[in-house]
Each structure stands twice: as structure tokens, then as C-alpha cells.
$ cat final-v2.csv   # CSV, N, CA and C atoms
chain,number,residue,atom,x,y,z
A,61,MET,N,-20.2,-26.5,18.1
A,61,MET,CA,-19.1,-26.8,17.3
A,61,MET,C,-17.9,-26.9,18.2
A,62,GLY,N,-17.1,-28.0,18.1
A,62,GLY,CA,-15.9,-28.1,18.9
A,62,GLY,C,-14.7,-27.4,18.3
A,63,SER,N,-13.6,-27.9,18.5
A,63,SER,CA,-12.4,-27.3,18.0
A,63,SER,C,-12.3,-27.4,16.5
A,64,VAL,N,-12.1,-26.3,15.8
A,64,VAL,CA,-12.1,-26.2,14.4
A,64,VAL,C,-10.6,-26.4,13.9
A,65,HIS,N,-10.4,-27.3,13.0
A,65,HIS,CA,-9.0,-27.6,12.6
A,65,HIS,C,-9.0,-28.2,11.2
A,66,ASN,N,-7.9,-28.1,10.5
A,66,ASN,CA,-7.8,-28.7,9.1
A,66,ASN,C,-7.9,-30.2,9.3
A,67,GLY,N,-8.6,-30.8,8.3
A,67,GLY,CA,-8.8,-32.2,8.3
A,67,GLY,C,-10.0,-32.7,9.1
A,68,MET,N,-10.6,-31.9,9.8
A,68,MET,CA,-11.8,-32.3,10.6
A,68,MET,C,-12.9,-32.7,9.6
A,69,SER,N,-13.8,-33.5,10.0
A,69,SER,CA,-15.0,-33.9,9.2
A,69,SER,C,-15.8,-32.7,8.9
A,70,ALA,N,-16.1,-32.4,7.6
A,70,ALA,CA,-16.9,-31.3,7.3
A,70,ALA,C,-18.3,-31.4,7.9
A,71,VAL,N,-18.8,-32.6,8.2
A,71,VAL,CA,-20.1,-32.8,8.9
A,71,VAL,C,-20.1,-32.1,10.2
A,72,ASP,N,-18.9,-32.1,10.9
A,72,ASP,CA,-18.8,-31.4,12.2
A,72,ASP,C,-19.0,-29.9,12.2
A,73,LEU,N,-19.0,-29.4,11.0
A,73,LEU,CA,-19.2,-27.9,10.8
A,73,LEU,C,-20.6,-27.6,10.5
A,74,GLY,N,-21.5,-28.6,10.4
A,74,GLY,CA,-22.9,-28.4,10.2
A,74,GLY,C,-23.2,-28.5,8.7
A,75,THR,N,-24.5,-28.7,8.4
A,75,THR,CA,-25.0,-28.8,7.0
A,75,THR,C,-25.4,-27.5,6.4
A,76,GLU,N,-25.7,-26.5,7.2
A,76,GLU,CA,-26.2,-25.3,6.7
A,76,GLU,C,-25.0,-24.3,6.4
A,77,GLY,N,-25.3,-23.5,5.4
A,77,GLY,CA,-24.3,-22.4,5.1
A,77,GLY,C,-23.2,-22.7,4.1
A,78,TRP,N,-23.3,-23.9,3.5
A,78,TRP,CA,-22.3,-24.3,2.5
A,78,TRP,C,-22.8,-23.7,1.1
A,79,HIS,N,-21.9,-23.2,0.4
A,79,HIS,CA,-22.2,-22.6,-0.9
A,79,HIS,C,-21.2,-23.2,-2.0
A,80,LYS,N,-21.7,-23.2,-3.2
A,80,LYS,CA,-20.9,-23.7,-4.4
A,80,LYS,C,-20.5,-22.5,-5.3
A,81,PRO,N,-19.7,-21.6,-4.8
A,81,PRO,CA,-19.4,-20.4,-5.7
A,81,PRO,C,-18.6,-20.8,-6.9
A,82,TRP,N,-18.0,-21.9,-7.0
A,82,TRP,CA,-17.1,-22.3,-8.1
A,82,TRP,C,-17.8,-23.4,-8.9
A,83,SER,N,-19.1,-23.6,-8.8
A,83,SER,CA,-19.8,-24.7,-9.5
A,83,SER,C,-19.7,-24.4,-11.0
A,84,GLY,N,-19.6,-25.4,-11.7
A,84,GLY,CA,-19.5,-25.3,-13.2
A,84,GLY,C,-20.1,-26.5,-13.9
A,85,THR,N,-19.6,-26.7,-15.1
A,85,THR,CA,-20.1,-27.8,-15.9
A,85,THR,C,-19.2,-29.0,-15.8
A,86,ASN,N,-18.7,-29.3,-14.6
A,86,ASN,CA,-17.7,-30.3,-14.4
A,86,ASN,C,-18.4,-31.6,-13.9
A,87,GLY,N,-19.6,-31.9,-14.2
A,87,GLY,CA,-20.3,-33.1,-13.7
A,87,GLY,C,-20.6,-33.1,-12.2
A,88,GLY,N,-20.7,-32.0,-11.6
A,88,GLY,CA,-21.1,-31.9,-10.2
A,88,GLY,C,-20.0,-32.0,-9.2
A,89,SER,N,-18.7,-32.0,-9.7
A,89,SER,CA,-17.6,-32.0,-8.8
A,89,SER,C,-17.2,-30.6,-8.5
A,90,CYS,N,-17.6,-30.1,-7.3
A,90,CYS,CA,-17.5,-28.7,-7.0
A,90,CYS,C,-16.8,-28.6,-5.6
A,91,VAL,N,-16.2,-27.4,-5.5
A,91,VAL,CA,-15.6,-27.0,-4.2
A,91,VAL,C,-16.8,-26.2,-3.5
A,92,GLU,N,-17.1,-26.6,-2.2
A,92,GLU,CA,-18.0,-25.8,-1.5
A,92,GLU,C,-17.3,-25.0,-0.4
A,93,ALA,N,-17.9,-23.9,-0.1
A,93,ALA,CA,-17.2,-23.0,0.9
A,93,ALA,C,-18.3,-22.6,2.0
A,94,LYS,N,-17.8,-22.4,3.2
A,94,LYS,CA,-18.6,-22.0,4.3
A,94,LYS,C,-17.9,-21.0,5.1
A,95,ARG,N,-18.5,-19.8,5.4
A,95,ARG,CA,-17.8,-18.9,6.3
A,95,ARG,C,-18.2,-19.3,7.7
A,96,LEU,N,-17.2,-19.3,8.6
A,96,LEU,CA,-17.3,-19.8,9.9
A,96,LEU,C,-17.5,-18.5,10.8
A,97,PRO,N,-18.0,-18.7,12.0
A,97,PRO,CA,-18.3,-17.6,12.9
A,97,PRO,C,-17.1,-16.7,13.2
A,98,ASP,N,-15.9,-17.2,13.2
A,98,ASP,CA,-14.7,-16.4,13.5
A,98,ASP,C,-14.2,-15.7,12.3
A,99,GLY,N,-14.9,-15.9,11.1
A,99,GLY,CA,-14.4,-15.2,9.9
A,99,GLY,C,-13.6,-16.1,9.0
A,100,SER,N,-13.1,-17.2,9.5
A,100,SER,CA,-12.4,-18.2,8.7
A,100,SER,C,-13.3,-18.8,7.7
A,101,VAL,N,-12.7,-19.5,6.8
A,101,VAL,CA,-13.5,-20.2,5.7
A,101,VAL,C,-13.2,-21.7,5.7
A,102,ALA,N,-14.2,-22.5,5.6
A,102,ALA,CA,-14.0,-23.9,5.4
A,102,ALA,C,-14.3,-24.3,4.0
A,103,LEU,N,-13.5,-25.2,3.4
A,103,LEU,CA,-13.7,-25.7,2.0
A,103,LEU,C,-13.9,-27.2,2.1
A,104,ARG,N,-14.8,-27.7,1.3
A,104,ARG,CA,-14.9,-29.2,1.2
A,104,ARG,C,-15.2,-29.6,-0.3
A,105,GLN,N,-15.1,-30.8,-0.6
A,105,GLN,CA,-15.4,-31.4,-1.9
A,105,GLN,C,-16.8,-31.8,-1.9
A,106,SER,N,-17.6,-31.3,-2.8
A,106,SER,CA,-19.1,-31.5,-2.8
A,106,SER,C,-19.4,-33.0,-2.9
A,107,GLN,N,-18.6,-33.8,-3.6
A,107,GLN,CA,-18.9,-35.2,-3.8
A,107,GLN,C,-18.6,-36.0,-2.5
A,108,ASP,N,-18.0,-35.4,-1.5
A,108,ASP,CA,-17.6,-36.0,-0.3
A,108,ASP,C,-17.9,-35.1,0.9
A,109,PRO,N,-19.2,-34.7,1.0
A,109,PRO,CA,-19.6,-33.7,2.0
A,109,PRO,C,-19.3,-34.1,3.5
A,110,GLU,N,-19.0,-35.4,3.7
A,110,GLU,CA,-18.6,-35.8,5.1
A,110,GLU,C,-17.1,-36.0,5.2
A,111,GLY,N,-16.4,-35.7,4.2
A,111,GLY,CA,-15.0,-35.8,4.2
A,111,GLY,C,-14.3,-34.7,4.9
A,112,PRO,N,-13.0,-34.6,4.8
A,112,PRO,CA,-12.2,-33.6,5.5
A,112,PRO,C,-12.5,-32.2,5.0
A,113,ALA,N,-12.4,-31.2,5.9
A,113,ALA,CA,-12.5,-29.8,5.5
A,113,ALA,C,-11.1,-29.1,5.6
A,114,LEU,N,-10.9,-28.2,4.7
A,114,LEU,CA,-9.7,-27.4,4.7
A,114,LEU,C,-10.1,-26.0,5.3
A,115,ILE,N,-9.5,-25.6,6.4
A,115,ILE,CA,-9.8,-24.4,7.1
A,115,ILE,C,-8.8,-23.3,6.8
A,116,CYS,N,-9.2,-22.2,6.2
A,116,CYS,CA,-8.4,-21.1,5.9
A,116,CYS,C,-8.8,-19.9,6.7
A,117,SER,N,-7.8,-19.1,7.2
A,117,SER,CA,-8.1,-17.9,7.8
A,117,SER,C,-8.7,-16.9,6.8
A,118,ARG,N,-9.3,-15.8,7.3
A,118,ARG,CA,-9.8,-14.8,6.4
A,118,ARG,C,-8.7,-14.2,5.6
A,119,ASP,N,-7.5,-14.0,6.2
A,119,ASP,CA,-6.4,-13.4,5.5
A,119,ASP,C,-5.9,-14.3,4.4
A,120,GLU,N,-5.8,-15.6,4.7
A,120,GLU,CA,-5.3,-16.6,3.7
A,120,GLU,C,-6.3,-16.7,2.5
A,121,MET,N,-7.6,-16.7,2.8
A,121,MET,CA,-8.6,-16.7,1.7
A,121,MET,C,-8.5,-15.4,0.9
A,122,ALA,N,-8.3,-14.3,1.5
A,122,ALA,CA,-8.2,-13.0,0.8
A,122,ALA,C,-7.0,-13.1,-0.1
A,123,ALA,N,-5.9,-13.6,0.4
A,123,ALA,CA,-4.7,-13.6,-0.4
A,123,ALA,C,-4.8,-14.6,-1.6
A,124,PHE,N,-5.5,-15.7,-1.4
A,124,PHE,CA,-5.8,-16.7,-2.4
A,124,PHE,C,-6.6,-16.0,-3.5
A,125,ILE,N,-7.7,-15.4,-3.1
A,125,ILE,CA,-8.6,-14.8,-4.1
A,125,ILE,C,-7.9,-13.7,-4.9
A,126,GLU,N,-7.2,-12.8,-4.2
A,126,GLU,CA,-6.5,-11.8,-4.9
A,126,GLU,C,-5.4,-12.4,-5.9
A,127,GLY,N,-4.7,-13.4,-5.4
A,127,GLY,CA,-3.7,-14.0,-6.3
A,127,GLY,C,-4.4,-14.7,-7.5
A,128,ALA,N,-5.5,-15.3,-7.3
A,128,ALA,CA,-6.2,-16.0,-8.4
A,128,ALA,C,-6.7,-14.9,-9.4
A,129,LYS,N,-7.2,-13.8,-8.9
A,129,LYS,CA,-7.7,-12.8,-9.8
A,129,LYS,C,-6.6,-12.2,-10.6
A,130,SER,N,-5.4,-12.1,-10.0
A,130,SER,CA,-4.3,-11.5,-10.8
A,130,SER,C,-3.5,-12.5,-11.6
A,131,GLY,N,-4.0,-13.8,-11.7
A,131,GLY,CA,-3.4,-14.8,-12.5
A,131,GLY,C,-2.3,-15.6,-11.9
A,132,GLN,N,-2.0,-15.4,-10.6
A,132,GLN,CA,-1.0,-16.1,-10.0
A,132,GLN,C,-1.2,-17.6,-9.8
A,133,ALA,N,-2.5,-18.1,-10.0
A,133,ALA,CA,-2.8,-19.5,-9.8
A,133,ALA,C,-3.1,-20.1,-11.2
A,134,ASP,N,-2.9,-19.4,-12.3
A,134,ASP,CA,-3.1,-19.9,-13.6
A,134,ASP,C,-2.3,-21.2,-13.9
A,135,PHE,N,-1.2,-21.3,-13.3
A,135,PHE,CA,-0.4,-22.5,-13.5
A,135,PHE,C,-1.1,-23.8,-13.1
A,136,LEU,N,-2.0,-23.7,-12.2
A,136,LEU,CA,-2.8,-24.9,-11.7
A,136,LEU,C,-3.6,-25.5,-12.8
A,137,ILE,N,-4.0,-24.8,-13.8
A,137,ILE,CA,-4.9,-25.3,-14.8
A,137,ILE,C,-4.3,-25.2,-16.2
A,138,ALA,N,-3.1,-24.7,-16.3
A,138,ALA,CA,-2.5,-24.5,-17.6
A,138,ALA,C,-1.9,-25.8,-18.2

$ encode --input "final-v2.csv" --output "C-alpha cells"
Amino acid sequence: MGSVHNGMSAVDLGTEGWHKPWSGTNGGSCVEAKRLPDGSVALRQSQDPEGPALICSRDEMAAFIEGAKSGQADFLIA
């Protein structure tokens, strides 16, 4: 794996290790996540697995998850 950066093709991160923790009844449109060797997290859109990946540090992902749990992201779907 070369240089990991936001916007890189998710294919360059490999095909193994992607999970759909947020899969639901939305017709198969899911966010997939993959933990990278350095502890960062890659996100991709399941319907575009070769599209761009969003790379978040472990701390950024932890802050997002904690914020979502506490309701700070509710405005996104309200």
C-alpha cells in the first residue's frame, strides 16, 4: 500500500477488511469502514467500492462516534 490520503481510490486500500457496520434497510446504500494498519479508518460508499476513500485518524473517528452517540450529529438526519 502506497501513501494513504483522503480521496485516494478505495481499491488501493485492498478488497479485504471492509465492513458494513451501518448497513440497514436503505436499498444497499451503505457506508463501509476498514481499519488501516496505522489505526486510522477508511470509509467508502458501498455502491462505489472503487471510488474515493475518506481517511480519518483514530482520534477523529473516536470523536465522531462519541459525538454521534451523544446526539451531536442528529441534525444530519432531522

$ atom_distance --input "final-v2.csv" --atom1 "CA of Asp119 (chain A)" --atom2 "CA of Ser100 (chain A)"
8.3 Å

$ select_by_dssp --input "final-v2.csv" --residues "chain A" --states "strand (DSSP E)" --output "list in words"
Val91, Glu92, Ala93, Lys94, Arg95, Val101, Ala102, Leu103, Arg104, Gln105, Leu114, Ile115 and Cys116 of chain A

$ residues_around --input "final-v2.csv" --residues "region 73-79 of chain A" --least-positions-apart "4" --cutoff "6 Å" --atoms "only C-alpha atoms" --output "tab-separated table (two decimals) with N, CA and C atoms, in the coordinates of the input"
chain	number	residue	atom	x	y	z
A	92	GLU	N	-17.10	-26.60	-2.20
A	92	GLU	CA	-18.00	-25.80	-1.50
A	92	GLU	C	-17.30	-25.00	-0.40
A	93	ALA	N	-17.90	-23.90	-0.10
A	93	ALA	CA	-17.20	-23.00	0.90
A	93	ALA	C	-18.30	-22.60	2.00
A	94	LYS	N	-17.80	-22.40	3.20
A	94	LYS	CA	-18.60	-22.00	4.30
A	94	LYS	C	-17.90	-21.00	5.10

$ select_by_dssp --input "final-v2.csv" --residues "chain A" --states "alpha helix (DSSP H)" --output "number ranges by chain"
A: 118-129

$ closest_residue --input "final-v2.csv" --among "A:Ser63, A:Ser130, A:Ser89, A:Ser117" --to "Ala102 (chain A)" --atoms "only N, CA and C atoms"
A:Ser117

$ residues_around --input "final-v2.csv" --residues "Val71 (chain A)" --least-positions-apart "3" --cutoff "8 Å" --atoms "only N, CA and C atoms" --output "VMD selection string"
chain A and resid 68 74 to 75 108 to 113

$ write_last_selection --input "final-v2.csv" --atoms "N, CA and C atoms" --output "tab-separated table (two decimals), in the frame of the given file"
chain	number	residue	atom	x	y	z
A	68	MET	N	-10.60	-31.90	9.80
A	68	MET	CA	-11.80	-32.30	10.60
A	68	MET	C	-12.90	-32.70	9.60
A	74	GLY	N	-21.50	-28.60	10.40
A	74	GLY	CA	-22.90	-28.40	10.20
A	74	GLY	C	-23.20	-28.50	8.70
A	75	THR	N	-24.50	-28.70	8.40
A	75	THR	CA	-25.00	-28.80	7.00
A	75	THR	C	-25.40	-27.50	6.40
A	108	ASP	N	-18.00	-35.40	-1.50
A	108	ASP	CA	-17.60	-36.00	-0.30
A	108	ASP	C	-17.90	-35.10	0.90
A	109	PRO	N	-19.20	-34.70	1.00
A	109	PRO	CA	-19.60	-33.70	2.00
A	109	PRO	C	-19.30	-34.10	3.50
A	110	GLU	N	-19.00	-35.40	3.70
A	110	GLU	CA	-18.60	-35.80	5.10
A	110	GLU	C	-17.10	-36.00	5.20
A	111	GLY	N	-16.40	-35.70	4.20
A	111	GLY	CA	-15.00	-35.80	4.20
A	111	GLY	C	-14.30	-34.70	4.90
A	112	PRO	N	-13.00	-34.60	4.80
A	112	PRO	CA	-12.20	-33.60	5.50
A	112	PRO	C	-12.50	-32.20	5.00
A	113	ALA	N	-12.40	-31.20	5.90
A	113	ALA	CA	-12.50	-29.80	5.50
A	113	ALA	C	-11.10	-29.10	5.60

$ closest_residue --input "final-v2.csv" --among "A:Pro81, A:Ile125, A:Arg118, A:Ala70" --to "Arg104 (chain A)" --atoms "only N, CA and C atoms"
A:Ala70

$ atom_distance --input "final-v2.csv" --atom1 "CA of Lys129 (chain A)" --atom2 "atom C of Asp98 (chain A)"
23.2 Å

$ atom_distance --input "final-v2.csv" --atom1 "CA of Cys116 (chain A)" --atom2 "atom C of Gly131 (chain A)"
19.6 Å

$ closest_residue --input "final-v2.csv" --among "A:Leu114, A:Gln107, A:Leu96, A:Gly127" --to "Ser69 (chain A)" --atoms "only N, CA and C atoms"
A:Leu114
